[in-house]
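This report refers to the structure that appears directly beneath it.
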Amino acid sequence: MGSVTKGATLYGANCVGCHGADPAGRLSGVDKGSTAAALTAAYAKVSPMARFQTSFTAIDNTDLAAYIASRVTPAAPTPVAPGPTALPPLAAGSAELPLRRLTRAQFINSMQDIARQAIPAQGAALAGAVATLAAGYPADSMINVAGERHGGFYRLDQSLQQSHVDTAYEVAGKLAAELTTPSRIGALMGACATDTNTANDDTCLRDTIRKVGRAAWRRPLTDAEVTFHRNLAGSTPVAALAVSDVLTLLLSAPQVMYLVEHGQPTVTAGRASLTAHEVAARLSFHFWQTIPDAELAQLADSGQLLAPATYQAQVARLAADARTEPVLREFFTQWFRLHELEPLDSRLGDPVFDAFRGSFAPTRDSRLNAMGEIGELAGYHLRTGGSLRSMFSDRRSFARTADIAALYGVPVWDGSSTPPDVTTGGRTGLLTRVAFLATGSANTRPIMKGYRVRNALLCQQLPPPPAEAMSATVELSGTMTTREVVEAVTQKAGTSCVGCHAQMNPLGFVTENFDALGRPRAQQRLFNAQGQVTGMPAIRTDGIPRITPADTRTAADSLQTSQFIQESGEFERCFSQHYFRYTFGRNETEGDRAAITDLMAAARTGASIRDLLARLALRPEFQSKAF
């Protein structure tokens, strides 16, 4: 892959006169929408040219091609034939959860924002305290899709577990105690809590219940609900201990732990429109994974949120808010199954691994840093109007730490300037990120790489492996490449392995030009048990990836494989399914087909990631509930 920066200099010196200062939309048909590889081949046929100020070398051609490929209008994706095969058969009927619990992140975020809204001036300190208090809250569970062993989405276990109740009550009690310390109770309740006038104490407590309850329950409390909680304080309505008890009860209520949705009275075709407060909660948890802010809450209280123009404006506001980015990062972490990445430092001291890693020394944080780079990639494309397509094919480094940047051979990115180009090693975008390549050992794992692409990125299911395969391992050989070992073990004619491994192996082989730390290579170093090099055979990356069953084209490498994936539209289909599951916390059913298909169609036509997030919130299904 060439250097975009060097290519820009070459373009300015040699091409501006005929093609203009910006190549976008001004070049010949062979250039428009072409890949850098295709452009390099095309320029090699015509350069050097007499009118060029310099003679172009092969490297110059590559650099120029990289620059133009980054600027010209991208090629339109090959249309995907519409029809019933665009989405697999879905379960019949409604699978909406009657009472959905907040996830761990949603619960912690909510408690932090309740504290911020209760005492805005001390929000930062209280939010930090909540994070510490809630550290023991149970982790979410992976909810698998039918027939899946690895794929799915995270959701708090819907079964009523004592640990959830106990921890939620403990967090509520400790937060209530923090809110009612001598230095805070005045800020929480006002001067009425500390003055000598007892006549205003009852009103003081009731107002506090309404304020905290409005944030915690995501709607105004009724007079009866206020009275119920006020009565707990008895004859000491502003005493710190009494107020703390009241707030503990208020903050540990089911209305805090669950997304309570009753809907409006009228039910049509099994669906009821949500109330303004229920819609506000869905919006805030969809985009921010927390309770509504003051503006959204006010619009819900007034009912204005249900006006179409107001609702659309709020969707746009929430989608553009910075609080959306960490939620998107978490979504991609779940979808791409980044948690499956092994620690990169666990084999330090092993002779083979130490010989393999050379001068690179992974740390305890390297795993999280590699995962974080994917989050930075997603966040950058969200902020800059990027699409799924641009995110998938982006070859720049988004590494914010020295260890991952070193693996890419680039400087550490500062998070705000233009990310540095990765100019060596044939990086081709998402498939060649360290988080998708590293294994925590000296050996690559093409089977698992291929399975992950097939299953996680394309949402294509494979049957579970036979029992005998569960105990089989592919070890590093002293005489054979990893590919050769895998082929010998899994591609024996007449065995039960061939069918499934024909779907997995090629998708893993295409990135075998990167080692088990994600570093580029043309040869594989083979080691004996003492870490001594025993051979350096050449790497092969060709194969038939079969992105769809009818696609029997041979891909030379990950670049062609990435192009096949983009042409198929399968990546966008998979995104649409996973994002639906992430938003609603459940598997999709036949009744959800229209919403997912609409999201998929927009993704395939290049809609920005931000627009895709908003698009789902604008669907009628988002603003209603099946009963």
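By convention here, the chains of the structure tokens are called A, B, ... in the order presented, each chain's residues are numbered starting at 1, and ligands are numbered starting at 1 in the order presented.
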Would you list, as a ChimeraX atom specification, the residues of segment 438-549 of chain A that end up in helix (DSSP H, G or I) under DSSP run on this structure's backbone? /A:446-457,467-469,482-490,498-509
Atoms kept (N, CA and C atoms) for selection, written as an mmCIF file, in the first residue's frame:
```cif
data_model
loop_
_atom_site.group_PDB
_atom_site.id
_atom_site.type_symbol
_atom_site.label_atom_id
_atom_site.label_comp_id
_atom_site.auth_asym_id
_atom_site.auth_seq_id
_atom_site.Cartn_x
_atom_site.Cartn_y
_atom_site.Cartn_z
ATOM 1 N N PRO A 446 -6.027 -19.309 11.745
ATOM 2 C CA PRO A 446 -6.863 -19.016 10.578
ATOM 3 C C PRO A 446 -8.272 -19.570 10.683
ATOM 4 N N ILE A 447 -8.443 -20.681 11.378
ATOM 5 C CA ILE A 447 -9.794 -21.241 11.506
ATOM 6 C C ILE A 447 -10.675 -20.277 12.302
ATOM 7 N N MET A 448 -10.164 -19.822 13.444
ATOM 8 C CA MET A 448 -10.949 -18.916 14.271
ATOM 9 C C MET A 448 -11.120 -17.556 13.599
ATOM 10 N N LYS A 449 -10.087 -17.094 12.886
ATOM 11 C CA LYS A 449 -10.233 -15.840 12.142
ATOM 12 C C LYS A 449 -11.345 -15.966 11.113
ATOM 13 N N GLY A 450 -11.335 -17.063 10.379
ATOM 14 C CA GLY A 450 -12.346 -17.260 9.351
ATOM 15 C C GLY A 450 -13.731 -17.402 9.934
ATOM 16 N N TYR A 451 -13.828 -18.136 11.043
ATOM 17 C CA TYR A 451 -15.134 -18.306 11.675
ATOM 18 C C TYR A 451 -15.675 -16.971 12.166
ATOM 19 N N ARG A 452 -14.784 -16.159 12.722
ATOM 20 C CA ARG A 452 -15.225 -14.875 13.250
ATOM 21 C C ARG A 452 -15.751 -13.971 12.147
ATOM 22 N N VAL A 453 -15.066 -13.947 11.003
ATOM 23 C CA VAL A 453 -15.544 -13.138 9.882
ATOM 24 C C VAL A 453 -16.891 -13.673 9.398
ATOM 25 N N ARG A 454 -16.958 -14.987 9.217
ATOM 26 C CA ARG A 454 -18.192 -15.597 8.697
ATOM 27 C C ARG A 454 -19.350 -15.375 9.656
ATOM 28 N N ASN A 455 -19.121 -15.624 10.920
ATOM 29 C CA ASN A 455 -20.207 -15.634 11.884
ATOM 30 C C ASN A 455 -20.503 -14.260 12.465
ATOM 31 N N ALA A 456 -19.452 -13.517 12.847
ATOM 32 C CA ALA A 456 -19.681 -12.234 13.522
ATOM 33 C C ALA A 456 -19.902 -11.090 12.556
ATOM 34 N N LEU A 457 -19.076 -10.997 11.502
ATOM 35 C CA LEU A 457 -19.162 -9.850 10.595
ATOM 36 C C LEU A 457 -20.183 -10.037 9.487
ATOM 37 N N ALA A 467 -18.116 -33.855 17.551
ATOM 38 C CA ALA A 467 -17.498 -34.058 18.862
ATOM 39 C C ALA A 467 -15.996 -34.255 18.769
ATOM 40 N N GLU A 468 -15.542 -34.991 17.746
ATOM 41 C CA GLU A 468 -14.108 -35.268 17.650
ATOM 42 C C GLU A 468 -13.290 -34.023 17.348
ATOM 43 N N ALA A 469 -13.946 -33.012 16.780
ATOM 44 C CA ALA A 469 -13.216 -31.790 16.447
ATOM 45 C C ALA A 469 -12.988 -30.905 17.658
ATOM 46 N N THR A 482 1.466 -22.498 9.099
ATOM 47 C CA THR A 482 0.191 -22.724 9.780
ATOM 48 C C THR A 482 -0.885 -23.109 8.781
ATOM 49 N N ARG A 483 -0.880 -22.484 7.628
ATOM 50 C CA ARG A 483 -1.869 -22.830 6.610
ATOM 51 C C ARG A 483 -1.736 -24.282 6.205
ATOM 52 N N GLU A 484 -0.518 -24.731 5.987
ATOM 53 C CA GLU A 484 -0.304 -26.118 5.573
ATOM 54 C C GLU A 484 -0.776 -27.092 6.650
ATOM 55 N N VAL A 485 -0.543 -26.748 7.911
ATOM 56 C CA VAL A 485 -0.995 -27.605 9.006
ATOM 57 C C VAL A 485 -2.518 -27.664 9.033
ATOM 58 N N VAL A 486 -3.151 -26.494 8.895
ATOM 59 C CA VAL A 486 -4.615 -26.438 8.926
ATOM 60 C C VAL A 486 -5.206 -27.226 7.762
ATOM 61 N N GLU A 487 -4.642 -27.058 6.588
ATOM 62 C CA GLU A 487 -5.155 -27.790 5.426
ATOM 63 C C GLU A 487 -5.006 -29.288 5.611
ATOM 64 N N ALA A 488 -3.888 -29.705 6.185
ATOM 65 C CA ALA A 488 -3.668 -31.140 6.375
ATOM 66 C C ALA A 488 -4.652 -31.731 7.373
ATOM 67 N N VAL A 489 -5.008 -30.947 8.387
ATOM 68 C CA VAL A 489 -5.881 -31.457 9.438
ATOM 69 C C VAL A 489 -7.359 -31.388 9.051
ATOM 70 N N THR A 490 -7.760 -30.322 8.341
ATOM 71 C CA THR A 490 -9.192 -30.054 8.154
ATOM 72 C C THR A 490 -9.702 -30.254 6.743
ATOM 73 N N VAL A 498 -14.532 -31.161 5.812
ATOM 74 C CA VAL A 498 -14.319 -30.366 4.610
ATOM 75 C C VAL A 498 -15.401 -29.316 4.400
ATOM 76 N N GLY A 499 -16.663 -29.691 4.560
ATOM 77 C CA GLY A 499 -17.756 -28.779 4.241
ATOM 78 C C GLY A 499 -17.702 -27.481 5.012
ATOM 79 N N CYS A 500 -17.575 -27.575 6.342
ATOM 80 C CA CYS A 500 -17.562 -26.365 7.158
ATOM 81 C C CYS A 500 -16.255 -25.600 7.007
ATOM 82 N N HIS A 501 -15.148 -26.325 6.927
ATOM 83 C CA HIS A 501 -13.868 -25.620 6.851
ATOM 84 C C HIS A 501 -13.679 -24.930 5.504
ATOM 85 N N ALA A 502 -14.406 -25.366 4.488
ATOM 86 C CA ALA A 502 -14.376 -24.630 3.221
ATOM 87 C C ALA A 502 -15.014 -23.255 3.383
ATOM 88 N N GLN A 503 -15.864 -23.101 4.421
ATOM 89 C CA GLN A 503 -16.498 -21.819 4.700
ATOM 90 C C GLN A 503 -15.651 -20.951 5.636
ATOM 91 N N MET A 504 -14.760 -21.578 6.399
ATOM 92 C CA MET A 504 -13.977 -20.835 7.391
ATOM 93 C C MET A 504 -12.533 -20.608 6.955
ATOM 94 N N ASN A 505 -11.863 -21.671 6.521
ATOM 95 C CA ASN A 505 -10.416 -21.580 6.272
ATOM 96 C C ASN A 505 -10.021 -20.456 5.322
ATOM 97 N N PRO A 506 -10.674 -20.353 4.136
ATOM 98 C CA PRO A 506 -10.232 -19.306 3.201
ATOM 99 C C PRO A 506 -10.332 -17.904 3.783
ATOM 100 N N LEU A 507 -11.358 -17.633 4.604
ATOM 101 C CA LEU A 507 -11.502 -16.310 5.206
ATOM 102 C C LEU A 507 -10.407 -16.047 6.233
ATOM 103 N N GLY A 508 -9.808 -17.100 6.769
ATOM 104 C CA GLY A 508 -8.674 -16.937 7.664
ATOM 105 C C GLY A 508 -7.356 -16.878 6.928
ATOM 106 N N PHE A 509 -7.255 -17.640 5.827
ATOM 107 C CA PHE A 509 -6.003 -17.679 5.068
ATOM 108 C C PHE A 509 -5.665 -16.330 4.424
#
```
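Nearest to Thr248 of chain A of all the residues A:Asp557, A:Glu170, A:Glu325, A:Asp421 is A:Glu170, counting only C-alpha atoms.
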Tell me which protein, DNA and RNA residues are within 8 Å of Gln255 of chain A, counting only C-alpha atoms, leaving out same-chain ones fewer than 3 positions away, and put them as a VMD selection string. chain A and resid 216 to 217 258 to 260
Kindly provide the residues of segment 377-412 of chain A that approach segment 359-364 of chain A to within 12 Å, each paired with its closest atom pair and their distance in Å to one decimal, based on only C-alpha atoms, listed by chain and increasing number, as JSON lines.
```
{"residue": "A:Thr401", "atom": "CA", "partner": "A:Thr363", "partner_atom": "CA", "distance": 11.3}
{"residue": "A:Ala402", "atom": "CA", "partner": "A:Pro362", "partner_atom": "CA", "distance": 10.3}
{"residue": "A:Asp403", "atom": "CA", "partner": "A:Pro362", "partner_atom": "CA", "distance": 6.9}
{"residue": "A:Ile404", "atom": "CA", "partner": "A:Pro362", "partner_atom": "CA", "distance": 9.0}
{"residue": "A:Ala405", "atom": "CA", "partner": "A:Phe360", "partner_atom": "CA", "distance": 11.4}
{"residue": "A:Ala406", "atom": "CA", "partner": "A:Phe360", "partner_atom": "CA", "distance": 8.2}
{"residue": "A:Leu407", "atom": "CA", "partner": "A:Phe360", "partner_atom": "CA", "distance": 8.3}
{"residue": "A:Tyr408", "atom": "CA", "partner": "A:Phe360", "partner_atom": "CA", "distance": 11.9}
{"residue": "A:Gly409", "atom": "CA", "partner": "A:Phe360", "partner_atom": "CA", "distance": 11.7}
```
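When the distance limit is 9 Å and only C-alpha atoms are what count, the residues near Leu388 of chain A, minus those fewer than 3 positions from it on the same chain, are His381, Met391, Phe392, Ser393, Phe571, Glu572, Phe575, Ala603, Arg604, Gly606, Ala607, Ser608 and Ile609 of chain A.
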Next, the residues of the selection above should be written as a PDB file, in the first residue's frame with C-alpha atoms.
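selection_33.pdb written:
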```
ATOM      1  CA  HIS A 381     -16.268   7.709  11.506  1.00  0.00           C
ATOM      2  CA  MET A 391     -15.203   2.293   8.330  1.00  0.00           C
ATOM      3  CA  PHE A 392     -14.764  -1.224   6.941  1.00  0.00           C
ATOM      4  CA  SER A 393     -12.198  -0.160   4.332  1.00  0.00           C
ATOM      5  CA  PHE A 571     -21.660  -6.607   6.277  1.00  0.00           C
ATOM      6  CA  GLU A 572     -24.479  -4.047   6.222  1.00  0.00           C
ATOM      7  CA  PHE A 575     -24.926  -4.624  11.170  1.00  0.00           C
ATOM      8  CA  ALA A 603     -26.595   1.161   5.116  1.00  0.00           C
ATOM      9  CA  ARG A 604     -26.022  -0.383   1.687  1.00  0.00           C
ATOM     10  CA  GLY A 606     -23.844   4.598   2.055  1.00  0.00           C
ATOM     11  CA  ALA A 607     -25.815   6.382   4.789  1.00  0.00           C
ATOM     12  CA  SER A 608     -23.598   7.756   7.530  1.00  0.00           C
ATOM     13  CA  ILE A 609     -23.328   5.792  10.751  1.00  0.00           C
TER      14      ILE A 609
END
```
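When atom CA of Pro419 of chain A is paired with atom CA of Thr432 of chain A, their separation reads 16.3 Å.
Nearest residue to Gly386 of chain A among A:Val212, A:Ala193, A:Leu612, A:Leu99 is A:Leu612, counting only C-alpha atoms.
For the pair atom CA of Ala319 of chain A and atom CA of Pro98 of chain A, the separation is 26.8 Å.
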Sorted per-residue table, segment 577-620 of chain A near segment 288-305 of chain A, closest atoms and distance, 12 Å, only C-alpha atoms, as JSON lines:
```
{"residue": "A:Tyr582", "atom": "CA", "partner": "A:Gln289", "partner_atom": "CA", "distance": 11.0}
{"residue": "A:Thr583", "atom": "CA", "partner": "A:Gln289", "partner_atom": "CA", "distance": 9.7}
{"residue": "A:Phe584", "atom": "CA", "partner": "A:Gln289", "partner_atom": "CA", "distance": 11.8}
{"residue": "A:Leu613", "atom": "CA", "partner": "A:Trp288", "partner_atom": "CA", "distance": 11.4}
```
Using all heavy atoms, can you export the residues from the last selection as a PDB file, in the first residue's frame?
```
ATOM      1  N   TYR A 582     -29.166  -4.955  19.719  1.00  0.00           N
ATOM      2  CA  TYR A 582     -28.522  -4.132  20.740  1.00  0.00           C
ATOM      3  C   TYR A 582     -29.489  -3.078  21.260  1.00  0.00           C
ATOM      4  O   TYR A 582     -29.552  -2.819  22.468  1.00  0.00           O
ATOM      5  CB  TYR A 582     -27.290  -3.460  20.137  1.00  0.00           C
ATOM      6  CG  TYR A 582     -26.516  -2.576  21.090  1.00  0.00           C
ATOM      7  CD1 TYR A 582     -25.671  -3.121  22.043  1.00  0.00           C
ATOM      8  CD2 TYR A 582     -26.628  -1.191  21.011  1.00  0.00           C
ATOM      9  CE1 TYR A 582     -24.958  -2.317  22.911  1.00  0.00           C
ATOM     10  CE2 TYR A 582     -25.916  -0.370  21.877  1.00  0.00           C
ATOM     11  CZ  TYR A 582     -25.072  -0.941  22.823  1.00  0.00           C
ATOM     12  OH  TYR A 582     -24.374  -0.129  23.683  1.00  0.00           O
ATOM     13  N   THR A 583     -30.251  -2.474  20.376  1.00  0.00           N
ATOM     14  CA  THR A 583     -31.184  -1.415  20.769  1.00  0.00           C
ATOM     15  C   THR A 583     -32.334  -1.953  21.605  1.00  0.00           C
ATOM     16  O   THR A 583     -32.691  -1.390  22.632  1.00  0.00           O
ATOM     17  CB  THR A 583     -31.738  -0.703  19.523  1.00  0.00           C
ATOM     18  OG1 THR A 583     -30.681   0.041  18.915  1.00  0.00           O
ATOM     19  CG2 THR A 583     -32.871   0.247  19.884  1.00  0.00           C
ATOM     20  N   PHE A 584     -32.928  -3.065  21.166  1.00  0.00           N
ATOM     21  CA  PHE A 584     -34.132  -3.569  21.821  1.00  0.00           C
ATOM     22  C   PHE A 584     -33.842  -4.647  22.859  1.00  0.00           C
ATOM     23  O   PHE A 584     -34.744  -5.067  23.579  1.00  0.00           O
ATOM     24  CB  PHE A 584     -35.114  -4.094  20.775  1.00  0.00           C
ATOM     25  CG  PHE A 584     -35.733  -3.010  19.932  1.00  0.00           C
ATOM     26  CD1 PHE A 584     -35.213  -2.694  18.690  1.00  0.00           C
ATOM     27  CD2 PHE A 584     -36.809  -2.279  20.396  1.00  0.00           C
ATOM     28  CE1 PHE A 584     -35.760  -1.684  17.908  1.00  0.00           C
ATOM     29  CE2 PHE A 584     -37.374  -1.271  19.635  1.00  0.00           C
ATOM     30  CZ  PHE A 584     -36.847  -0.963  18.393  1.00  0.00           C
ATOM     31  N   LEU A 613     -28.076   5.326  13.080  1.00  0.00           N
ATOM     32  CA  LEU A 613     -28.548   5.296  14.464  1.00  0.00           C
ATOM     33  C   LEU A 613     -29.872   6.050  14.589  1.00  0.00           C
ATOM     34  O   LEU A 613     -30.792   5.601  15.277  1.00  0.00           O
ATOM     35  CB  LEU A 613     -27.509   5.926  15.392  1.00  0.00           C
ATOM     36  CG  LEU A 613     -26.059   5.462  15.295  1.00  0.00           C
ATOM     37  CD1 LEU A 613     -25.244   6.040  16.447  1.00  0.00           C
ATOM     38  CD2 LEU A 613     -25.952   3.946  15.284  1.00  0.00           C
TER      39      LEU A 613
END
```
For atom CA of Gly379 of chain A and atom CA of Leu328 of chain A, the interatomic separation in Å (one decimal): 7.3 Å
